[in-house]
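> Dropping in final07.json, with JSON, C-alpha atoms.
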[["chain", "number", "residue", "atom", "x", "y", "z"],
["A", 10, "MET", "CA", -34.33, 39.98, 26.43],
["A", 11, "HIS", "CA", -33.19, 36.79, 28.09],
["A", 12, "MET", "CA", -30.43, 34.77, 26.46],
["A", 13, "THR", "CA", -30.99, 31.61, 28.49],
["A", 14, "PHE", "CA", -33.97, 29.34, 29.07],
["A", 15, "TYR", "CA", -36.79, 31.46, 30.36],
["A", 16, "TRP", "CA", -40.01, 29.80, 31.46],
["A", 17, "ARG", "CA", -42.45, 32.68, 31.61],
["A", 18, "ARG", "CA", -45.22, 33.63, 29.26],
["A", 19, "ASN", "CA", -44.12, 37.26, 28.85],
["A", 20, "VAL", "CA", -41.53, 36.94, 26.12],
["A", 21, "THR", "CA", -40.20, 39.24, 23.43],
["A", 22, "LEU", "CA", -39.15, 37.18, 20.46],
["A", 23, "ARG", "CA", -36.78, 38.62, 17.85],
["A", 24, "PHE", "CA", -38.60, 41.95, 17.46],
["A", 25, "SER", "CA", -39.89, 44.36, 20.06],
["A", 26, "SER", "CA", -43.32, 44.22, 18.41],
["A", 27, "TRP", "CA", -43.47, 40.41, 18.77],
["A", 28, "GLN", "CA", -44.39, 40.02, 22.44],
["A", 29, "THR", "CA", -46.43, 37.39, 24.19],
["A", 30, "ASP", "CA", -48.66, 38.20, 27.13],
["A", 31, "SER", "CA", -50.76, 35.05, 27.57],
["A", 32, "TRP", "CA", -50.28, 31.31, 27.37],
["A", 33, "ILE", "CA", -52.23, 31.20, 24.11],
["A", 34, "SER", "CA", -50.01, 33.74, 22.39],
["A", 35, "TYR", "CA", -46.94, 31.99, 23.81],
["A", 36, "THR", "CA", -48.12, 28.64, 22.40],
["A", 37, "LEU", "CA", -48.91, 30.19, 19.03],
["A", 38, "THR", "CA", -45.45, 31.77, 18.96],
["A", 39, "LEU", "CA", -43.79, 28.43, 19.66],
["A", 40, "LEU", "CA", -45.92, 26.77, 17.00],
["A", 41, "THR", "CA", -45.02, 29.48, 14.49],
["A", 42, "CYS", "CA", -41.32, 29.03, 15.18],
["A", 43, "PHE", "CA", -41.65, 25.28, 14.78],
["A", 44, "ILE", "CA", -43.51, 25.64, 11.45],
["A", 45, "PHE", "CA", -40.89, 28.07, 10.14],
["A", 46, "SER", "CA", -38.11, 25.64, 11.07],
["A", 47, "ILE", "CA", -39.89, 22.82, 9.20],
["A", 48, "LEU", "CA", -40.36, 25.09, 6.19],
["A", 49, "TYR", "CA", -36.69, 26.05, 6.24],
["A", 50, "GLN", "CA", -35.57, 22.42, 6.37],
["A", 51, "TYR", "CA", -37.92, 21.55, 3.50],
["A", 52, "MET", "CA", -36.53, 24.37, 1.35],
["A", 53, "GLU", "CA", -32.93, 23.41, 2.17],
["A", 54, "ASP", "CA", -33.63, 19.78, 1.23],
["A", 55, "ASN", "CA", -35.12, 20.87, -2.09],
["A", 56, "ARG", "CA", -32.14, 23.13, -2.77],
["A", 57, "LEU", "CA", -29.74, 20.23, -2.26],
["A", 58, "ARG", "CA", -31.85, 17.92, -4.42],
["A", 59, "PHE", "CA", -31.97, 20.46, -7.25],
["A", 60, "LYS", "CA", -28.23, 20.98, -6.97],
["A", 61, "LEU", "CA", -27.66, 17.23, -7.20],
["A", 62, "LEU", "CA", -29.98, 16.95, -10.19],
["A", 63, "SER", "CA", -28.30, 19.85, -11.97],
["A", 64, "THR", "CA", -24.83, 18.37, -11.49],
["A", 65, "SER", "CA", -25.97, 14.96, -12.72],
["A", 66, "ALA", "CA", -27.66, 16.56, -15.73],
["A", 67, "ALA", "CA", -24.52, 18.57, -16.48],
["A", 68, "SER", "CA", -22.36, 15.46, -16.33],
["A", 69, "THR", "CA", -23.89, 14.01, -19.51],
["A", 70, "THR", "CA", -22.50, 15.06, -22.86],
["A", 71, "THR", "CA", -24.46, 15.87, -26.01],
["A", 72, "ASN", "CA", -24.08, 12.39, -27.50],
["A", 73, "GLY", "CA", -25.57, 10.73, -24.40],
["A", 74, "THR", "CA", -22.43, 9.34, -22.78],
["A", 75, "THR", "CA", -21.85, 10.15, -19.15],
["A", 76, "VAL", "CA", -18.83, 11.98, -17.83],
["A", 77, "ASP", "CA", -17.63, 11.25, -14.32],
["A", 78, "ALA", "CA", -17.86, 14.32, -12.09],
["A", 79, "THR", "CA", -14.74, 13.28, -10.12],
["A", 80, "PRO", "CA", -12.36, 11.63, -12.59],
["A", 81, "LEU", "CA", -9.39, 11.62, -10.23],
["A", 82, "LEU", "CA", -11.28, 9.50, -7.72],
["A", 83, "SER", "CA", -12.59, 6.94, -10.19],
["A", 84, "LYS", "CA", -10.81, 3.72, -11.07],
["A", 85, "LYS", "CA", -11.10, 4.40, -14.81],
["A", 86, "VAL", "CA", -8.25, 6.90, -14.69],
["A", 87, "PHE", "CA", -5.67, 4.46, -13.38],
["A", 88, "ALA", "CA", -4.21, 2.36, -16.19],
["A", 89, "VAL", "CA", -2.24, -0.83, -15.62],
["A", 90, "GLY", "CA", 1.41, -0.64, -16.67],
["A", 91, "VAL", "CA", 1.75, 3.16, -16.67],
["A", 92, "VAL", "CA", 4.75, 4.49, -14.76],
["A", 93, "VAL", "CA", 3.93, 7.69, -12.95],
["A", 94, "GLY", "CA", 6.68, 10.29, -12.58],
["A", 95, "GLY", "CA", 9.19, 8.31, -14.60]]
So that I can check it, write out the structure of this file as structure tokens.

Amino acid sequence: MHMTFYWRRNVTLRFSSWQTDSWISYTLTLLTCFIFSILYQYMEDNRLRFKLLSTSAASTTTNGTTVDATPLLSKKVFAVGVVVGG
């Protein structure tokens, strides 16, 4: 199996049973790889969206007020006139 760019139609891709022997099978193999990469990116995008939705849903309390997910980075934590480390 070649590990560099290889411009021939006789290619073994990933498995020994997945071999191309014509330009049609080579084109279908490339198309299949492209479709799988699009599907993977779609699933990854949905996973990140669901993760974002679940963290935003978890940041609300039972009485409806929101809780900041990163309180140390928000400006609400810093009070005027408080001496730190004193």
> Could you jot down the CA of Ile44 (chain A) to CA of Arg23 (chain A) separation for me, Å, one decimal place?
16.0 Å
> In Å, how far is it from CA of Met52 (chain A) to CA of Leu37 (chain A)?
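Those two atoms sit 22.4 Å apart.
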> Hey, can you check how far CA of Ser34 (chain A) sits from CA of Tyr49 (chain A)?
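If I compute the distance from CA of Ser34 (chain A) to CA of Tyr49 (chain A), I get 22.3 Å.
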> Would you mind telling me which residue in A:Leu62, A:Gln50, A:Arg17, A:Phe24 lies nearest to Thr36 (chain A) when using all atoms listed in the file?
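Smallest distance to Thr36 (chain A) is found for A:Arg17.
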> So which one's closest to Leu39 (chain A), A:Thr13, A:Arg58, A:Arg18, A:Ser63? Using all atoms listed in the file, please.
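With all atoms listed in the file as the atom set, the closest residue is A:Arg18.
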